[in-house]
Amino acid sequence: MAESGRLKKYLSVGVIGNAIGWIIYNSIYILNPYAWNKATTTWLVSYLIGVAQQHEMHRRWTFSDSEEKYISSLGKSYLAYSLGLVISTLVNFSLVNSLDVHIQISWFLSVVSSVVVNYIFLKRLAFNLT
């Protein structure tokens with residue numbers, strides 16, 4: 001698959017997946033009983049759920065030419081998304097706690113902060129493509 005086509009699919013799947021993720025995030029936020037860093041703890045939980053959701057979508061549409069077995073690519077996707085999780089959680093924490101950015105804006109900026117890192121590691125590590 002041409003890289004430009006793969007990037008378009010990655011971004012399209014990302015938009016759809018993050019729209020679903022936004023709903024999941026807000027649902028968890030409403031249900032989250034903890035006041036301590038509520039936005040960031042909600043981000044962390046929703047991110048972990050989102051990895052499995054995004055893996056399935058990317059496996060079907062973005063990296064469909066991968067020959068990696070499902071369980072292998074899922075495990076490697078969690079590893080690949082770990083770096084994105086660390087970066088985006090630090091971004092979220094800083095935005096909410098240091099800069100007093102609204103939780104919806106901090107959610108969006110947290111997502112943006114992990115997009116490039118996630119693409120590179122998903123492609124090369126999780127789906128074993130060059």
# chains A, B, ... in the order shown; residues from 1 in each chain; ligands from 1
call {"tool": "closest_atom_pairs", "arguments": {"of": "stretch 23-119 of chain A", "to": "stretch 4-12 of chain A", "cutoff": "12 Å", "atoms": "only C-alpha atoms", "output": "JSON lines"}}
result
{"residue": "A:Gln54", "atom": "CA", "partner": "A:Tyr10", "partner_atom": "CA", "distance": 10.1}
{"residue": "A:His55", "atom": "CA", "partner": "A:Tyr10", "partner_atom": "CA", "distance": 11.1}
{"residue": "A:Met57", "atom": "CA", "partner": "A:Tyr10", "partner_atom": "CA", "distance": 9.4}
{"residue": "A:His58", "atom": "CA", "partner": "A:Tyr10", "partner_atom": "CA", "distance": 7.1}
{"residue": "A:Arg59", "atom": "CA", "partner": "A:Tyr10", "partner_atom": "CA", "distance": 10.3}
{"residue": "A:Arg60", "atom": "CA", "partner": "A:Lys9", "partner_atom": "CA", "distance": 10.4}
{"residue": "A:Trp61", "atom": "CA", "partner": "A:Lys9", "partner_atom": "CA", "distance": 6.8}
{"residue": "A:Thr62", "atom": "CA", "partner": "A:Lys9", "partner_atom": "CA", "distance": 5.3}
{"residue": "A:Phe63", "atom": "CA", "partner": "A:Arg6", "partner_atom": "CA", "distance": 7.5}
{"residue": "A:Ser64", "atom": "CA", "partner": "A:Arg6", "partner_atom": "CA", "distance": 9.8}
{"residue": "A:Asp65", "atom": "CA", "partner": "A:Arg6", "partner_atom": "CA", "distance": 10.4}
{"residue": "A:Val112", "atom": "CA", "partner": "A:Leu11", "partner_atom": "CA", "distance": 11.1}
{"residue": "A:Val115", "atom": "CA", "partner": "A:Leu11", "partner_atom": "CA", "distance": 8.8}
{"residue": "A:Val116", "atom": "CA", "partner": "A:Leu11", "partner_atom": "CA", "distance": 10.3}
{"residue": "A:Asn118", "atom": "CA", "partner": "A:Tyr10", "partner_atom": "CA", "distance": 10.2}
{"residue": "A:Tyr119", "atom": "CA", "partner": "A:Tyr10", "partner_atom": "CA", "distance": 7.7}
call {"tool": "residues_around", "arguments": {"residues": "A:Arg124", "least_positions_apart": "5", "cutoff": "12 Å", "atoms": "only C-alpha atoms", "output": "ChimeraX atom specification"}}
result
/A:63,66,68,73,76-77,79-80,117-119,129-130
call {"tool": "write_last_selection", "arguments": {"atoms": "C-alpha atoms", "output": "PDB file, in the first residue's frame"}}
result
ATOM      1  CA  PHE A  63      -2.767  -2.050   8.172  1.00  0.00           C
ATOM      2  CA  SER A  66      -0.076  -6.984   7.731  1.00  0.00           C
ATOM      3  CA  GLU A  68       0.867 -10.379  12.032  1.00  0.00           C
ATOM      4  CA  SER A  73      -0.467  -7.405  16.920  1.00  0.00           C
ATOM      5  CA  LYS A  76       2.335  -5.094  20.325  1.00  0.00           C
ATOM      6  CA  SER A  77      -0.299  -2.385  19.873  1.00  0.00           C
ATOM      7  CA  LEU A  79       3.244  -1.688  23.724  1.00  0.00           C
ATOM      8  CA  ALA A  80       3.245   0.809  20.845  1.00  0.00           C
ATOM      9  CA  VAL A 117       4.250   8.541  17.777  1.00  0.00           C
ATOM     10  CA  ASN A 118       1.398   6.031  17.603  1.00  0.00           C
ATOM     11  CA  TYR A 119       1.487   5.819  13.795  1.00  0.00           C
ATOM     12  CA  LEU A 129       5.392  -3.089   8.164  1.00  0.00           C
ATOM     13  CA  THR A 130       8.142  -0.869   6.763  1.00  0.00           C
TER      14      THR A 130
END
call {"tool": "select_by_dssp", "arguments": {"residues": "chain A", "states": "alpha helix (DSSP H)", "output": "ChimeraX atom specification"}}
result
/A:3-31,38-57,70-93,103-121
call {"tool": "closest_residue", "arguments": {"among": "A:Ser72, A:Asn128, A:Ser82, A:Ser88", "to": "A:Ser106", "atoms": "only C-alpha atoms"}}
result
A:Ser88
call {"tool": "atom_distance", "arguments": {"atom1": "atom CA of A:Ile20", "atom2": "atom CA of A:Leu99"}}
result
26.5 Å
call {"tool": "residues_around", "arguments": {"residues": "A:Ser113", "least_positions_apart": "5", "cutoff": "8 Å", "atoms": "only C-alpha atoms", "output": "PDB file with N, CA and C atoms, in the first residue's frame"}}
result
ATOM      1  N   GLY A  84       2.749   6.597  23.507  1.00  0.00           N
ATOM      2  CA  GLY A  84       1.736   7.634  23.288  1.00  0.00           C
ATOM      3  C   GLY A  84       0.955   7.930  24.551  1.00  0.00           C
ATOM      4  N   ILE A  87       3.214  10.070  26.917  1.00  0.00           N
ATOM      5  CA  ILE A  87       3.319  11.443  26.408  1.00  0.00           C
ATOM      6  C   ILE A  87       1.993  12.182  26.571  1.00  0.00           C
ATOM      7  N   SER A  88       0.898  11.568  26.135  1.00  0.00           N
ATOM      8  CA  SER A  88      -0.387  12.262  26.171  1.00  0.00           C
ATOM      9  C   SER A  88      -0.905  12.464  27.594  1.00  0.00           C
ATOM     10  N   VAL A  91       0.987  15.420  28.895  1.00  0.00           N
ATOM     11  CA  VAL A  91       0.423  16.616  28.262  1.00  0.00           C
ATOM     12  C   VAL A  91      -0.901  16.979  28.930  1.00  0.00           C
TER      13      VAL A  91
END
call {"tool": "closest_residue", "arguments": {"among": "A:Leu85, A:Asp100, A:Ile120, A:Gln53", "to": "A:Ile16", "atoms": "only C-alpha atoms"}}
result
A:Gln53
call {"tool": "residues_around", "arguments": {"residues": "stretch 27-31 of chain A", "least_positions_apart": "3", "cutoff": "10 Å", "atoms": "only C-alpha atoms", "output": "PDB file with N, CA and C atoms, in the first residue's frame"}}
result
ATOM      1  N   GLY A  21     -14.003   7.448  21.015  1.00  0.00           N
ATOM      2  CA  GLY A  21     -13.235   7.625  22.233  1.00  0.00           C
ATOM      3  C   GLY A  21     -13.698   8.814  23.059  1.00  0.00           C
ATOM      4  N   TRP A  22     -14.106   9.880  22.392  1.00  0.00           N
ATOM      5  CA  TRP A  22     -14.617  11.069  23.081  1.00  0.00           C
ATOM      6  C   TRP A  22     -15.896  10.718  23.850  1.00  0.00           C
ATOM      7  N   ILE A  23     -16.746   9.915  23.239  1.00  0.00           N
ATOM      8  CA  ILE A  23     -17.978   9.469  23.916  1.00  0.00           C
ATOM      9  C   ILE A  23     -17.621   8.598  25.123  1.00  0.00           C
ATOM     10  N   ILE A  24     -16.683   7.684  24.933  1.00  0.00           N
ATOM     11  CA  ILE A  24     -16.245   6.820  26.032  1.00  0.00           C
ATOM     12  C   ILE A  24     -15.638   7.661  27.156  1.00  0.00           C
ATOM     13  N   TYR A  34     -13.915   9.691  41.533  1.00  0.00           N
ATOM     14  CA  TYR A  34     -12.756  10.303  42.169  1.00  0.00           C
ATOM     15  C   TYR A  34     -12.588  11.757  41.748  1.00  0.00           C
ATOM     16  N   LYS A  38      -9.506  14.056  38.268  1.00  0.00           N
ATOM     17  CA  LYS A  38     -10.600  13.353  37.591  1.00  0.00           C
ATOM     18  C   LYS A  38     -10.410  13.292  36.069  1.00  0.00           C
ATOM     19  N   ALA A  39     -10.050  14.409  35.461  1.00  0.00           N
ATOM     20  CA  ALA A  39      -9.886  14.430  34.002  1.00  0.00           C
ATOM     21  C   ALA A  39      -8.752  13.510  33.561  1.00  0.00           C
ATOM     22  N   THR A  40      -7.650  13.516  34.296  1.00  0.00           N
ATOM     23  CA  THR A  40      -6.490  12.717  33.903  1.00  0.00           C
ATOM     24  C   THR A  40      -6.704  11.235  34.176  1.00  0.00           C
ATOM     25  N   THR A  41      -7.324  10.883  35.301  1.00  0.00           N
ATOM     26  CA  THR A  41      -7.595   9.466  35.553  1.00  0.00           C
ATOM     27  C   THR A  41      -8.622   8.935  34.549  1.00  0.00           C
ATOM     28  N   THR A  42      -9.573   9.773  34.179  1.00  0.00           N
ATOM     29  CA  THR A  42     -10.541   9.384  33.151  1.00  0.00           C
ATOM     30  C   THR A  42      -9.838   9.190  31.815  1.00  0.00           C
ATOM     31  N   TRP A  43      -8.911  10.093  31.487  1.00  0.00           N
ATOM     32  CA  TRP A  43      -8.139   9.974  30.250  1.00  0.00           C
ATOM     33  C   TRP A  43      -7.395   8.646  30.211  1.00  0.00           C
ATOM     34  N   VAL A  45      -7.962   5.734  31.804  1.00  0.00           N
ATOM     35  CA  VAL A  45      -8.856   4.583  31.650  1.00  0.00           C
ATOM     36  C   VAL A  45      -9.428   4.520  30.234  1.00  0.00           C
ATOM     37  N   SER A  46      -9.887   5.654  29.723  1.00  0.00           N
ATOM     38  CA  SER A  46     -10.480   5.654  28.383  1.00  0.00           C
ATOM     39  C   SER A  46      -9.426   5.353  27.317  1.00  0.00           C
TER      40      SER A  46
END
call {"tool": "atom_distance", "arguments": {"atom1": "atom CA of A:Tyr70", "atom2": "atom CA of A:Phe121"}}
result
16.3 Å
call {"tool": "residues_around", "arguments": {"residues": "A:Leu95", "least_positions_apart": "6", "cutoff": "9 Å", "atoms": "only C-alpha atoms", "output": "ChimeraX atom specification"}}
result
/A:101-103,105-106,109-110
